[in-house]
file work.cif (mmCIF, C-alpha atoms)
data_run
loop_
_atom_site.group_PDB
_atom_site.id
_atom_site.type_symbol
_atom_site.label_atom_id
_atom_site.label_comp_id
_atom_site.auth_asym_id
_atom_site.auth_seq_id
_atom_site.Cartn_x
_atom_site.Cartn_y
_atom_site.Cartn_z
ATOM 1 C CA MET Q 1 0.935 -15.122 -11.690
ATOM 2 C CA THR Q 2 -2.429 -13.674 -12.716
ATOM 3 C CA LYS Q 3 -2.157 -10.372 -14.545
ATOM 4 C CA ILE Q 4 -2.824 -7.482 -12.198
ATOM 5 C CA ASP Q 5 -4.807 -4.547 -13.559
ATOM 6 C CA THR Q 6 -6.496 -3.193 -10.410
ATOM 7 C CA VAL Q 7 -4.749 -2.686 -7.080
ATOM 8 C CA THR Q 8 -6.306 -1.553 -3.815
ATOM 9 C CA VAL Q 9 -3.927 0.545 -1.704
ATOM 10 C CA ALA Q 10 -4.840 1.214 1.925
ATOM 11 C CA LEU Q 11 -3.010 3.780 4.052
ATOM 12 C CA THR Q 12 -3.208 3.260 7.814
ATOM 13 C CA GLY Q 13 -1.752 4.864 10.893
ATOM 14 C CA ALA Q 14 1.723 3.355 11.044
ATOM 15 C CA SER Q 15 4.814 5.392 10.284
ATOM 16 C CA GLY Q 16 5.766 5.240 6.609
ATOM 17 C CA LEU Q 17 3.169 7.193 4.665
ATOM 18 C CA PRO Q 18 5.771 8.226 2.033
ATOM 19 C CA TYR Q 19 5.895 4.563 0.975
ATOM 20 C CA GLY Q 20 2.150 4.464 0.399
ATOM 21 C CA LEU Q 21 1.945 7.674 -1.599
ATOM 22 C CA ARG Q 22 4.937 6.720 -3.733
ATOM 23 C CA LEU Q 23 3.341 3.322 -4.362
ATOM 24 C CA ILE Q 24 0.140 4.977 -5.571
ATOM 25 C CA GLU Q 25 2.171 7.204 -7.879
ATOM 26 C CA CYS Q 26 4.125 4.282 -9.357
ATOM 27 C CA LEU Q 27 1.026 2.147 -9.901
ATOM 28 C CA LEU Q 28 -0.727 4.982 -11.711
ATOM 29 C CA ARG Q 29 2.344 5.603 -13.874
ATOM 30 C CA ALA Q 30 2.395 1.897 -14.710
ATOM 31 C CA GLY Q 31 -1.152 2.218 -16.039
ATOM 32 C CA LYS Q 32 -2.850 0.297 -13.239
ATOM 33 C CA ARG Q 33 -6.283 1.152 -11.904
ATOM 34 C CA VAL Q 34 -5.908 2.096 -8.243
ATOM 35 C CA TRP Q 35 -8.531 2.012 -5.515
ATOM 36 C CA VAL Q 36 -7.435 3.940 -2.428
ATOM 37 C CA MET Q 37 -8.611 3.799 1.177
ATOM 38 C CA TYR Q 38 -7.188 5.583 4.191
ATOM 39 C CA SER Q 39 -7.802 5.754 7.909
ATOM 40 C CA GLN Q 40 -8.144 8.799 10.124
ATOM 41 C CA ALA Q 41 -4.866 7.847 11.764
ATOM 42 C CA ALA Q 42 -3.188 7.982 8.342
ATOM 43 C CA GLN Q 43 -4.180 11.643 8.129
ATOM 44 C CA VAL Q 44 -2.408 12.270 11.426
ATOM 45 C CA VAL Q 45 0.714 10.479 10.190
ATOM 46 C CA ALA Q 46 0.677 12.464 6.927
ATOM 47 C CA LYS Q 47 0.756 15.708 8.880
ATOM 48 C CA GLN Q 48 3.474 14.490 11.230
ATOM 49 C CA GLU Q 49 5.782 12.869 8.663
ATOM 50 C CA MET Q 50 5.217 14.906 5.502
ATOM 51 C CA ASN Q 51 3.519 18.092 6.684
ATOM 52 C CA LEU Q 52 0.584 17.172 4.458
ATOM 53 C CA THR Q 53 -2.999 17.911 5.386
ATOM 54 C CA LEU Q 54 -4.968 15.186 3.671
ATOM 55 C CA PRO Q 55 -8.657 15.954 3.037
ATOM 56 C CA SER Q 56 -10.929 14.157 5.479
ATOM 57 C CA ARG Q 57 -13.562 13.294 2.856
ATOM 58 C CA PRO Q 58 -12.838 10.689 0.152
ATOM 59 C CA GLU Q 59 -13.959 13.045 -2.611
ATOM 60 C CA GLY Q 60 -11.461 15.655 -1.449
ATOM 61 C CA PHE Q 61 -8.631 13.141 -1.184
ATOM 62 C CA GLN Q 62 -9.388 11.820 -4.654
ATOM 63 C CA GLN Q 63 -9.202 15.344 -6.075
ATOM 64 C CA TRP Q 64 -5.927 15.898 -4.182
ATOM 65 C CA LEU Q 65 -4.430 12.728 -5.666
ATOM 66 C CA GLN Q 66 -5.663 13.582 -9.147
ATOM 67 C CA GLU Q 67 -4.051 16.997 -9.004
ATOM 68 C CA ARG Q 68 -0.815 15.499 -7.657
ATOM 69 C CA TYR Q 69 -0.449 12.523 -10.022
ATOM 70 C CA GLN Q 70 -2.658 13.339 -13.045
ATOM 71 C CA PRO Q 71 -4.169 9.864 -13.607
ATOM 72 C CA ALA Q 72 -6.267 9.008 -16.641
ATOM 73 C CA ASP Q 73 -10.042 9.188 -16.414
ATOM 74 C CA GLY Q 74 -11.397 6.286 -14.383
ATOM 75 C CA GLN Q 75 -7.940 5.174 -13.274
ATOM 76 C CA LEU Q 76 -8.261 6.321 -9.650
ATOM 77 C CA ALA Q 77 -11.001 6.010 -7.048
ATOM 78 C CA VAL Q 78 -10.956 6.769 -3.321
ATOM 79 C CA PHE Q 79 -13.404 5.080 -0.949
ATOM 80 C CA GLY Q 80 -14.342 5.937 2.624
ATOM 81 C CA ARG Q 81 -13.903 3.437 5.429
ATOM 82 C CA GLU Q 82 -17.658 2.922 5.676
ATOM 83 C CA ALA Q 83 -18.348 2.666 1.918
ATOM 84 C CA TRP Q 84 -19.798 -0.828 2.110
ATOM 85 C CA PHE Q 85 -21.112 -0.724 -1.449
ATOM 86 C CA ALA Q 86 -17.639 -0.035 -2.887
ATOM 87 C CA PRO Q 87 -16.291 -2.781 -5.190
ATOM 88 C CA PRO Q 88 -13.518 -3.948 -2.792
ATOM 89 C CA ALA Q 89 -16.143 -4.906 -0.192
ATOM 90 C CA SER Q 90 -17.358 -7.906 -2.180
ATOM 91 C CA GLY Q 91 -15.785 -11.023 -3.576
ATOM 92 C CA SER Q 92 -17.969 -10.528 -6.672
ATOM 93 C CA ASN Q 93 -15.913 -7.481 -7.732
ATOM 94 C CA PRO Q 94 -12.559 -7.430 -5.926
ATOM 95 C CA ALA Q 95 -9.301 -5.867 -7.001
ATOM 96 C CA ASP Q 96 -6.652 -8.154 -8.428
ATOM 97 C CA ALA Q 97 -4.362 -7.363 -5.477
ATOM 98 C CA MET Q 98 -4.245 -5.243 -2.338
ATOM 99 C CA VAL Q 99 -1.451 -3.542 -0.448
ATOM 100 C CA ILE Q 100 -1.791 -2.045 3.030
ATOM 101 C CA CYS Q 101 1.100 0.408 3.174
ATOM 102 C CA PRO Q 102 1.917 1.374 5.810
ATOM 103 C CA CYS Q 103 0.109 -1.240 7.880
ATOM 104 C CA SER Q 104 -0.435 -0.513 11.554
ATOM 105 C CA MET Q 105 -0.272 -3.330 14.080
ATOM 106 C CA GLY Q 106 -3.953 -2.698 14.856
ATOM 107 C CA THR Q 107 -4.940 -3.173 11.227
ATOM 108 C CA LEU Q 108 -2.711 -6.233 10.942
ATOM 109 C CA ALA Q 109 -4.325 -7.769 14.022
ATOM 110 C CA ALA Q 110 -7.820 -7.039 12.702
ATOM 111 C CA VAL Q 111 -7.023 -8.684 9.368
ATOM 112 C CA ALA Q 112 -5.444 -11.684 11.093
ATOM 113 C CA HIS Q 113 -8.628 -12.222 13.084
ATOM 114 C CA GLY Q 114 -11.147 -11.479 10.326
ATOM 115 C CA MET Q 115 -12.660 -8.462 12.067
ATOM 116 C CA SER Q 116 -13.896 -6.616 8.931
ATOM 117 C CA ASP Q 117 -15.149 -3.640 10.960
ATOM 118 C CA ASN Q 118 -14.349 -1.149 8.180
ATOM 119 C CA LEU Q 119 -13.745 -1.222 4.433
ATOM 120 C CA ILE Q 120 -9.966 -1.595 4.760
ATOM 121 C CA GLU Q 121 -10.323 -4.693 6.909
ATOM 122 C CA ARG Q 122 -13.166 -6.074 4.797
ATOM 123 C CA ALA Q 123 -11.238 -5.575 1.553
ATOM 124 C CA ALA Q 124 -8.280 -7.465 3.031
ATOM 125 C CA ASP Q 125 -10.615 -10.230 4.174
ATOM 126 C CA VAL Q 126 -11.963 -10.473 0.620
ATOM 127 C CA MET Q 127 -8.427 -10.832 -0.752
ATOM 128 C CA ILE Q 128 -7.743 -13.740 1.589
ATOM 129 C CA LYS Q 129 -11.013 -15.571 1.008
ATOM 130 C CA GLU Q 130 -10.772 -15.136 -2.765
ATOM 131 C CA GLY Q 131 -7.151 -16.299 -2.846
ATOM 132 C CA ARG Q 132 -5.817 -13.030 -4.269
ATOM 133 C CA LYS Q 133 -2.552 -11.226 -3.600
ATOM 134 C CA LEU Q 134 -2.425 -9.335 -0.302
ATOM 135 C CA VAL Q 135 0.725 -7.487 0.751
ATOM 136 C CA LEU Q 136 1.090 -5.953 4.215
ATOM 137 C CA VAL Q 137 3.860 -3.436 4.906
ATOM 138 C CA PRO Q 138 4.032 -3.356 8.729
ATOM 139 C CA ARG Q 139 6.158 -0.734 10.464
ATOM 140 C CA GLU Q 140 6.879 -1.304 14.143
ATOM 141 C CA ALA Q 141 9.949 -1.872 16.306
ATOM 142 C CA PRO Q 142 10.516 -3.872 18.347
ATOM 143 C CA LEU Q 143 7.957 -6.525 17.466
ATOM 144 C CA SER Q 144 6.092 -8.215 20.295
ATOM 145 C CA VAL Q 145 5.129 -11.883 20.349
ATOM 146 C CA ILE Q 146 1.563 -10.775 19.561
ATOM 147 C CA HIS Q 147 2.755 -8.943 16.434
ATOM 148 C CA LEU Q 148 4.881 -11.882 15.312
ATOM 149 C CA GLU Q 149 2.122 -14.437 15.881
ATOM 150 C CA ASN Q 150 -0.339 -12.331 13.885
ATOM 151 C CA MET Q 151 2.166 -12.036 11.041
ATOM 152 C CA LEU Q 152 2.854 -15.771 11.101
ATOM 153 C CA LYS Q 153 -0.857 -16.532 11.013
ATOM 154 C CA LEU Q 154 -1.292 -14.339 7.933
ATOM 155 C CA ALA Q 155 1.851 -15.657 6.232
ATOM 156 C CA ARG Q 156 0.497 -19.194 6.596
ATOM 157 C CA LEU Q 157 -2.626 -18.006 4.761
ATOM 158 C CA GLY Q 158 -0.494 -16.805 1.860
ATOM 159 C CA VAL Q 159 -0.315 -13.128 2.793
ATOM 160 C CA CYS Q 160 2.973 -11.419 1.914
ATOM 161 C CA ILE Q 161 4.499 -9.710 4.953
ATOM 162 C CA LEU Q 162 6.902 -7.093 3.593
ATOM 163 C CA PRO Q 163 8.472 -4.898 6.302
ATOM 164 C CA PRO Q 164 9.826 -1.589 4.968
ATOM 165 C CA SER Q 165 13.488 -2.514 5.323
ATOM 166 C CA PRO Q 166 15.549 -0.555 2.778
ATOM 167 C CA GLY Q 167 18.813 -2.077 1.637
ATOM 168 C CA PHE Q 168 22.048 -0.154 1.254
ATOM 169 C CA TYR Q 169 23.796 -2.097 -1.504
ATOM 170 C CA THR Q 170 22.300 0.385 -4.001
ATOM 171 C CA HIS Q 171 24.106 3.225 -2.182
ATOM 172 C CA PRO Q 172 21.055 5.425 -1.547
ATOM 173 C CA GLN Q 173 21.809 9.136 -1.538
ATOM 174 C CA THR Q 174 18.459 10.493 -0.367
ATOM 175 C CA VAL Q 175 15.432 9.500 1.682
ATOM 176 C CA ALA Q 176 13.570 9.222 -1.626
ATOM 177 C CA ASP Q 177 16.058 6.550 -2.739
ATOM 178 C CA MET Q 178 15.319 4.547 0.410
ATOM 179 C CA VAL Q 179 11.575 4.915 -0.118
ATOM 180 C CA ASP Q 180 11.964 3.689 -3.700
ATOM 181 C CA PHE Q 181 13.844 0.600 -2.518
ATOM 182 C CA VAL Q 182 10.833 -0.518 -0.477
ATOM 183 C CA VAL Q 183 8.295 0.464 -3.124
ATOM 184 C CA ALA Q 184 10.292 -1.507 -5.684
ATOM 185 C CA ARG Q 185 9.992 -4.627 -3.528
ATOM 186 C CA ILE Q 186 6.224 -4.114 -3.314
ATOM 187 C CA LEU Q 187 5.923 -3.663 -7.084
ATOM 188 C CA ASP Q 188 7.942 -6.865 -7.563
ATOM 189 C CA GLN Q 189 5.383 -8.735 -5.468
ATOM 190 C CA LEU Q 190 2.656 -7.405 -7.768
ATOM 191 C CA ALA Q 191 4.662 -8.223 -10.919
ATOM 192 C CA VAL Q 192 4.460 -4.561 -11.940
ATOM 193 C CA PRO Q 193 7.489 -3.528 -14.048
ATOM 194 C CA HIS Q 194 9.529 -0.597 -12.788
ATOM 195 C CA GLN Q 195 12.926 1.046 -13.020
ATOM 196 C CA LEU Q 196 13.162 2.434 -9.508
ATOM 197 C CA LEU Q 197 16.565 0.884 -8.845
ATOM 198 C CA PRO Q 198 19.041 -1.541 -10.371
ATOM 199 C CA ARG Q 199 18.630 -5.277 -9.913
ATOM 200 C CA TRP Q 200 21.194 -7.198 -7.915
ATOM 201 C CA GLY Q 201 24.300 -7.520 -10.030
ATOM 202 C CA GLU Q 202 23.564 -4.484 -12.179
ATOM 203 C CA SER Q 203 26.224 -1.807 -12.018
ATOM 204 C CA HIS Q 204 24.188 1.188 -13.127
ATOM 205 C CA HIS Q 205 21.251 3.036 -11.613
ATOM 206 C CA ALA Q 206 18.285 2.974 -13.956
ATOM 207 C CA GLY Q 207 16.338 5.663 -12.119
ATOM 208 C CA GLU Q 208 12.697 6.251 -13.005
#
call {"tool": "encode", "arguments": {"input": "work.cif", "output": "structure tokens"}}
result
Amino acid sequence: MTKIDTVTVALTGASGLPYGLRLIECLLRAGKRVWVMYSQAAQVVAKQEMNLTLPSRPEGFQQWLQERYQPADGQLAVFGREAWFAPPASGSNPADAMVICPCSMGTLAAVAHGMSDNLIERAADVMIKEGRKLVLVPREAPLSVIHLENMLKLARLGVCILPPSPGFYTHPQTVADMVDFVVARILDQLAVPHQLLPRWGESHHAGE
């Protein structure tokens, strides 16, 4: 697998924003450069699920993330949905990988059909056309035939469909443990080392 140094993380309006924020934190701690995008619906979800009021402007959200996670200079950048001159918008300067976490069914459908009506969708389209790693973390239940067909279409194109389905064999004690289980699976797809939980067969918990 190609070494991954830069990861685009997009937050959309599905339930599961704690996964996305924890993923950003872990990538920054692993020394990766992270490009972040987020939808207006993600702001609504952040307020509903985490009682967080995310800044509506990219500059404000970037400052919020910097204060929260203390990345190195140049390690973090936040782009607006209409920032068409941002690096992720072009195949000439894409990230090494992209994760949409959480991924709404609307965003998934747009990516499956090559809509590219905003930077999140365009960045995902670039990942597919350039043959780079794209991971979607869709959160919906139950899944309709439309949802399943869109996922199958993307999977056939090499996109990783990774539903946030925490396992219980690690005996999670908190919601944070369950979040880390899913984030660990995402990091595994990106080949990013972590110690969020023990591997299968390990008897101890090597917490971060």
call {"tool": "residues_around", "arguments": {"input": "work.cif", "residues": "Q:Cys160", "least_positions_apart": "2", "cutoff": "10 Å", "atoms": "all atoms listed in the file", "output": "VMD selection string"}}
result
chain Q and resid 99 133 to 137 151 154 to 158 162 to 163 186 189
call {"tool": "closest_residue", "arguments": {"input": "work.cif", "among": "Q:Ala77, Q:Ile24, Q:Ala123, Q:Ala95", "to": "Q:Ile4", "atoms": "only C-alpha atoms"}}
result
Q:Ala95
call {"tool": "closest_residue", "arguments": {"input": "work.cif", "among": "Q:Asp73, Q:Asp5, Q:Asp180, Q:Glu130", "to": "Q:Ala30", "atoms": "all atoms listed in the file"}}
result
Q:Asp5
call {"tool": "residues_around", "arguments": {"input": "work.cif", "residues": "Q:Gly80", "least_positions_apart": "2", "cutoff": "12 Å", "atoms": "all atoms listed in the file", "output": "MDAnalysis selection string"}}
result
chainID Q and resid 10:11 35:40 55:62 77:78 82:89 118:120 123
call {"tool": "resolve_selection", "arguments": {"input": "work.cif", "expression": "the PyMOL selection byres ((chain Q and resi 27) around 12)", "output": "PyMOL selection string"}}
result
chain Q and resi 4-9+20-26+28-36+69+71+75-76+97-99+183-184+186-188+190-194
call {"tool": "resolve_selection", "arguments": {"input": "work.cif", "expression": "the PyMOL selection byres ((chain Q and resi 106) around 12)", "output": "JSON, numbers by chain"}}
result
{"Q": [12, 13, 14, 39, 41, 102, 103, 104, 105, 107, 108, 109, 110, 111, 112, 113, 115, 117, 120, 121, 138, 139, 140, 146, 147, 150, 151]}
call {"tool": "closest_residue", "arguments": {"input": "work.cif", "among": "Q:Ser165, Q:Ser144, Q:Thr170, Q:Gln70", "to": "Q:Gly201", "atoms": "all atoms listed in the file"}}
result
Q:Thr170
call {"tool": "closest_residue", "arguments": {"input": "work.cif", "among": "Q:Leu65, Q:Met127, Q:Leu197, Q:Leu152", "to": "Q:Gly167", "atoms": "only C-alpha atoms"}}
result
Q:Leu197
call {"tool": "closest_residue", "arguments": {"input": "work.cif", "among": "Q:Glu67, Q:Lys129, Q:Gly16, Q:Cys101", "to": "Q:Gln48", "atoms": "all atoms listed in the file"}}
result
Q:Gly16
call {"tool": "atom_distance", "arguments": {"input": "work.cif", "atom1": "atom CA of Q:Asp96", "atom2": "atom CA of Q:Arg132"}}
result
6.5 Å
call {"tool": "closest_residue", "arguments": {"input": "work.cif", "among": "Q:Ala72, Q:Leu17, Q:Val159, Q:Leu143", "to": "Q:Lys47", "atoms": "only C-alpha atoms"}}
result
Q:Leu17
call {"tool": "atom_distance", "arguments": {"input": "work.cif", "atom1": "atom CA of Q:Val175", "atom2": "atom CA of Q:Ile100"}}
result
20.8 Å
call {"tool": "atom_distance", "arguments": {"input": "work.cif", "atom1": "atom CA of Q:Gly131", "atom2": "atom CA of Q:Gly91"}}
result
10.1 Å
call {"tool": "build_atoms", "arguments": {"input": "work.cif", "residues": "stretch 67-78 of chain Q", "atoms": "all heavy atoms", "output": "compact mmCIF listing (two decimals), in the frame of the given file"}}
result
# COMPACT_ATOMS: atom_id res chain seq x y z
N GLU Q 67 -4.85 15.82 -8.72
CA GLU Q 67 -4.05 17.00 -9.00
C GLU Q 67 -2.56 16.70 -8.86
O GLU Q 67 -1.74 17.25 -9.59
CB GLU Q 67 -4.45 18.14 -8.07
CG GLU Q 67 -5.86 18.67 -8.33
CD GLU Q 67 -6.30 19.69 -7.30
OE1 GLU Q 67 -5.57 19.89 -6.29
OE2 GLU Q 67 -7.39 20.27 -7.46
N ARG Q 68 -2.22 15.81 -7.94
CA ARG Q 68 -0.82 15.50 -7.66
C ARG Q 68 -0.22 14.57 -8.72
O ARG Q 68 0.94 14.74 -9.12
CB ARG Q 68 -0.72 14.85 -6.27
CG ARG Q 68 0.69 14.62 -5.74
CD ARG Q 68 0.59 14.00 -4.35
NE ARG Q 68 1.90 13.71 -3.78
CZ ARG Q 68 2.55 14.46 -2.90
NH1 ARG Q 68 2.00 15.59 -2.50
NH2 ARG Q 68 3.72 14.09 -2.42
N TYR Q 69 -1.01 13.57 -9.17
CA TYR Q 69 -0.45 12.52 -10.02
C TYR Q 69 -1.03 12.49 -11.44
O TYR Q 69 -0.53 11.74 -12.27
CB TYR Q 69 -0.64 11.15 -9.36
CG TYR Q 69 0.02 11.05 -8.01
CD1 TYR Q 69 -0.67 10.58 -6.90
CD2 TYR Q 69 1.35 11.44 -7.82
CE1 TYR Q 69 -0.06 10.50 -5.66
CE2 TYR Q 69 1.96 11.35 -6.58
CZ TYR Q 69 1.25 10.88 -5.51
OH TYR Q 69 1.85 10.79 -4.27
N GLN Q 70 -2.08 13.22 -11.71
CA GLN Q 70 -2.66 13.34 -13.04
C GLN Q 70 -2.99 11.98 -13.67
O GLN Q 70 -2.53 11.66 -14.78
CB GLN Q 70 -1.70 14.11 -13.96
CG GLN Q 70 -1.36 15.52 -13.48
CD GLN Q 70 -2.57 16.45 -13.53
OE1 GLN Q 70 -3.26 16.55 -14.54
NE2 GLN Q 70 -2.84 17.13 -12.42
N PRO Q 71 -3.81 11.16 -13.01
CA PRO Q 71 -4.17 9.86 -13.61
C PRO Q 71 -5.14 10.05 -14.77
O PRO Q 71 -5.76 11.10 -14.93
CB PRO Q 71 -4.84 9.13 -12.44
CG PRO Q 71 -5.44 10.22 -11.62
CD PRO Q 71 -4.46 11.36 -11.70
N ALA Q 72 -5.29 9.00 -15.56
CA ALA Q 72 -6.27 9.01 -16.64
C ALA Q 72 -7.68 8.92 -16.06
O ALA Q 72 -7.87 8.52 -14.90
CB ALA Q 72 -6.00 7.84 -17.58
N ASP Q 73 -8.65 9.27 -16.86
CA ASP Q 73 -10.04 9.19 -16.41
C ASP Q 73 -10.38 7.75 -16.03
O ASP Q 73 -10.10 6.81 -16.76
CB ASP Q 73 -10.99 9.66 -17.52
CG ASP Q 73 -10.89 11.15 -17.80
OD1 ASP Q 73 -10.35 11.87 -16.94
OD2 ASP Q 73 -11.35 11.59 -18.87
N GLY Q 74 -10.98 7.60 -14.85
CA GLY Q 74 -11.40 6.29 -14.38
C GLY Q 74 -10.29 5.44 -13.81
O GLY Q 74 -10.53 4.30 -13.39
N GLN Q 75 -9.07 5.97 -13.75
CA GLN Q 75 -7.94 5.17 -13.27
C GLN Q 75 -7.84 5.17 -11.76
O GLN Q 75 -7.23 4.26 -11.18
CB GLN Q 75 -6.64 5.71 -13.88
CG GLN Q 75 -5.45 4.79 -13.69
CD GLN Q 75 -4.16 5.38 -14.24
OE1 GLN Q 75 -4.12 6.52 -14.71
NE2 GLN Q 75 -3.08 4.62 -14.15
N LEU Q 76 -8.42 6.17 -11.10
CA LEU Q 76 -8.26 6.32 -9.65
C LEU Q 76 -9.62 6.50 -8.99
O LEU Q 76 -10.48 7.24 -9.49
CB LEU Q 76 -7.39 7.55 -9.36
CG LEU Q 76 -7.25 7.99 -7.90
CD1 LEU Q 76 -6.40 6.99 -7.12
CD2 LEU Q 76 -6.65 9.39 -7.82
N ALA Q 77 -9.80 5.82 -7.86
CA ALA Q 77 -11.00 6.01 -7.05
C ALA Q 77 -10.61 5.92 -5.58
O ALA Q 77 -9.78 5.09 -5.21
CB ALA Q 77 -12.06 4.97 -7.38
N VAL Q 78 -11.20 6.78 -4.76
CA VAL Q 78 -10.96 6.77 -3.32
C VAL Q 78 -12.26 6.45 -2.62
O VAL Q 78 -13.31 7.04 -2.93
CB VAL Q 78 -10.41 8.12 -2.83
CG1 VAL Q 78 -10.19 8.10 -1.32
CG2 VAL Q 78 -9.10 8.46 -3.54
